[in-house]
Amino acid sequence: MDSFQSEIEKRIASVPENPDLCQAGDNFMFESIKTKYSYNFEWLGRPIIQYPQDMVAMQELIWSIKPDLIIETGIAHGGSLILSASMLALLDYTDAVESGQPLDPKASRRRVLGIDIDIRSHNRAAIEAHPMAHKIDMIQGSSIAPEIIAQVHEYAKGYERILVCLDSNHTHDHALAELEAYAPLASKGSYCVVFDSIIEDLPAEMSSDRPWGPGDNPKTAVWEYLKTHAEFEIDKNVEQKLLITVAPDGYLKRIK
Ligand SMILES: C[S@@+](CC[C@H](N)C(=O)[O-])C[C@H]1O[C@@H](n2cnc3c(N)ncnc32)[C@H](O)[C@@H]1O
């Protein structure tokens, strides 16, 4: 490992020993969530409900894993689907550059599959009109309905490197059911990313208008899932690097 890389690793590993830095990150999360900061952004023209830090983490994961399929629950306006699709398009571009073959976007098998219980017609129309649409398929239905789970598993057959992102209903039971349904599709070395685990760390009144809250959210679901699934571990490196993330304990790496 070169010294630049080892310095980065040392710096990230030492983050927990710096309470002021950790507190600054926590303060930013707390204040920014109050202002609905995560709704401020777009990815290639589509609203994406994410923090920029998590978007960069997804870029790093996709570049290193080089998935041929990304499965996402929770589409909303489509921004995260477009982000994933655009990263897969960059992998296609990279293959073309490295192989010297002409780039044929429609020939690539890399795809994104999104699942949402309610794909609003204006969002569907905008996603389908986007230049990345040819890389995206969408299924409407509850992500934990048995027939939807079966459709996703059928779709995933034949793909070799799968990345999974869970970002739909954030109750414990729902997130746990999604983990049981979709985490097994994540390939060894890949990830199942569970968003909005930050709910566990926020005051209850910040989610008082929601069915989830502290004690009942994706982080508690992750903790329960991991009790019986040693094939995954929390990649603390990601959150220590980001400092600002909606997914603390949510970057699950499949290690076996
Ligand atoms: C936080 S938004 C997703 C944001 C999106 N991933 C992004 O980054 O822009 C949550 C979405 O989950 C969807 N949802 C809620 N309950 C669901 C369920 N049972 N199954 C599938 N999707 C669901 C909602 O309709 C909503 O569009």
# chains A, B, ... in the order shown; residues from 1 in each chain; ligands from 1
$ residues_around --residues "range 246-251 of chain A" --least-positions-apart "5" --cutoff "8 Å" --atoms "only C-alpha atoms" --output "number ranges by chain"
A: 50-51, 54, 191-198, 218-219, 222, 234-236, 238-239
$ write_last_selection --atoms "N, CA, C and O atoms" --output "short mmCIF file (atom, residue, chain, number, x, y, z; two decimals), in the first residue's frame"
data_model
loop_
_atom_site.label_atom_id
_atom_site.label_comp_id
_atom_site.auth_asym_id
_atom_site.auth_seq_id
_atom_site.Cartn_x
_atom_site.Cartn_y
_atom_site.Cartn_z
N GLN A 50 -30.99 12.35 -0.61
CA GLN A 50 -29.80 11.79 0.03
C GLN A 50 -28.87 12.93 0.43
O GLN A 50 -29.00 14.04 -0.07
N TYR A 51 -27.94 12.61 1.33
CA TYR A 51 -26.86 13.55 1.64
C TYR A 51 -25.73 13.37 0.63
O TYR A 51 -25.44 12.23 0.22
N ASP A 54 -23.28 10.57 1.37
CA ASP A 54 -23.69 9.21 1.04
C ASP A 54 -23.63 8.96 -0.47
O ASP A 54 -23.35 7.84 -0.91
N TYR A 191 -22.27 -5.01 -1.07
CA TYR A 191 -22.89 -4.41 0.12
C TYR A 191 -24.40 -4.48 0.04
O TYR A 191 -24.99 -4.52 -1.06
N CYS A 192 -25.01 -4.44 1.21
CA CYS A 192 -26.42 -4.09 1.33
C CYS A 192 -26.42 -2.80 2.14
O CYS A 192 -26.04 -2.80 3.32
N VAL A 193 -26.81 -1.70 1.51
CA VAL A 193 -26.78 -0.40 2.19
C VAL A 193 -28.19 -0.10 2.72
O VAL A 193 -29.16 -0.13 1.96
N VAL A 194 -28.26 0.16 4.01
CA VAL A 194 -29.55 0.40 4.67
C VAL A 194 -29.60 1.87 5.08
O VAL A 194 -28.92 2.29 6.02
N PHE A 195 -30.41 2.64 4.36
CA PHE A 195 -30.45 4.09 4.60
C PHE A 195 -31.39 4.44 5.77
O PHE A 195 -32.26 3.67 6.16
N ASP A 196 -31.15 5.63 6.28
CA ASP A 196 -31.98 6.23 7.34
C ASP A 196 -31.93 5.50 8.68
O ASP A 196 -32.82 5.65 9.53
N SER A 197 -30.85 4.76 8.92
CA SER A 197 -30.58 4.19 10.25
C SER A 197 -30.32 5.31 11.27
O SER A 197 -30.42 5.08 12.47
N ILE A 198 -30.05 6.53 10.79
CA ILE A 198 -29.80 7.68 11.67
C ILE A 198 -31.01 7.96 12.58
O ILE A 198 -30.84 8.58 13.64
N PRO A 218 -34.52 1.46 10.78
CA PRO A 218 -33.60 0.56 10.06
C PRO A 218 -32.36 0.15 10.86
O PRO A 218 -31.83 -0.94 10.65
N LYS A 219 -31.90 1.01 11.80
CA LYS A 219 -30.70 0.60 12.56
C LYS A 219 -31.03 -0.56 13.51
O LYS A 219 -30.28 -1.52 13.60
N VAL A 222 -31.13 -3.60 11.40
CA VAL A 222 -29.77 -4.08 11.06
C VAL A 222 -29.21 -4.87 12.23
O VAL A 222 -28.69 -5.98 12.06
N ILE A 234 -20.93 -4.75 9.60
CA ILE A 234 -21.03 -3.30 9.41
C ILE A 234 -19.66 -2.78 9.02
O ILE A 234 -18.67 -3.05 9.71
N ASP A 235 -19.60 -2.05 7.89
CA ASP A 235 -18.34 -1.45 7.49
C ASP A 235 -18.26 -0.05 8.13
O ASP A 235 -18.74 0.93 7.57
N LYS A 236 -17.66 0.00 9.31
CA LYS A 236 -17.56 1.26 10.06
C LYS A 236 -16.69 2.28 9.33
O LYS A 236 -16.78 3.49 9.55
N VAL A 238 -16.81 3.26 6.40
CA VAL A 238 -17.55 4.20 5.54
C VAL A 238 -18.06 5.38 6.37
O VAL A 238 -17.85 6.54 6.01
N GLU A 239 -18.70 5.08 7.50
CA GLU A 239 -19.26 6.21 8.28
C GLU A 239 -18.17 7.04 8.94
O GLU A 239 -18.32 8.25 9.11
#
$ residues_near_ligand --ligand "ligand 1" --cutoff "10 Å" --atoms "only C-alpha atoms and all ligand atoms" --output "PyMOL selection string"
chain A and resi 38-39+41-43+46-51+54-55+72-83+114-120+123+139-145+148+165-171+174-175+178+195-196
$ residues_around --residues "range 14-17 of chain A" --least-positions-apart "2" --cutoff "10 Å" --atoms "only C-alpha atoms" --output "list of chain:residue names"
A:Ile8, A:Glu9, A:Lys10, A:Arg11, A:Ile12, A:Pro19, A:Asp20, A:Leu21, A:Cys22, A:Asn237, A:Glu239, A:Gln240, A:Lys241, A:Leu243
$ write_last_selection --atoms "C-alpha atoms" --output "tab-separated table (two decimals), in the first residue's frame"
chain	number	residue	atom	x	y	z
A	8	ILE	CA	-5.94	7.94	4.66
A	9	GLU	CA	-6.60	4.66	6.44
A	10	LYS	CA	-4.87	5.84	9.61
A	11	ARG	CA	-6.80	9.13	9.54
A	12	ILE	CA	-10.15	7.37	9.12
A	19	PRO	CA	-14.76	13.46	20.00
A	20	ASP	CA	-14.84	17.09	18.81
A	21	LEU	CA	-14.87	16.00	15.18
A	22	CYS	CA	-17.51	13.32	15.85
A	237	ASN	CA	-14.88	2.61	7.75
A	239	GLU	CA	-19.26	6.21	8.28
A	240	GLN	CA	-15.96	7.17	9.90
A	241	LYS	CA	-14.82	8.49	6.54
A	243	LEU	CA	-18.68	11.77	9.33
$ select_by_dssp --residues "range 82-140 of chain A" --states "helix (DSSP H, G or I)" --output "ChimeraX atom specification"
/A:82-99,105-107,121-128,133-135
$ select_by_dssp --residues "range 39-253 of chain A" --states "strand (DSSP E or B)" --output "PyMOL selection string"
chain A and resi 41-43+46-48+69-73+111-116+136-140+162-166+191-194+213+216+232-234+251-253
$ residues_around --residues "Met29 in chain A" --least-positions-apart "2" --cutoff "10 Å" --atoms "only C-alpha atoms" --output "list in words"
Gln23, Ala24, Gly25, Asp26, Asn27, Glu31, Ser32, Ile33, Lys34, Tyr37, Tyr51, Ile198, Asp201, Leu202, Leu243, Ile244, Thr245 and Val246 of chain A
$ closest_residue --among "A:Leu90, A:Ala129, A:Leu61, A:Ala96" --to "Gly45 in chain A" --atoms "only C-alpha atoms"
A:Ala129
$ residues_around --residues "Lys157 in chain A" --least-positions-apart "4" --cutoff "12 Å" --atoms "only C-alpha atoms" --output "VMD selection string"
chain A and resid 68 to 69 150 to 153 161 to 162 185
$ closest_residue --among "A:Glu7, A:Leu88, A:Lys227, A:Tyr182" --to "Met132 in chain A" --atoms "only C-alpha atoms"
A:Leu88
$ closest_residue --among "A:Ala85, A:Asp209, A:Leu179, A:Pro67" --to "Ala133 in chain A" --atoms "only C-alpha atoms"
A:Ala85
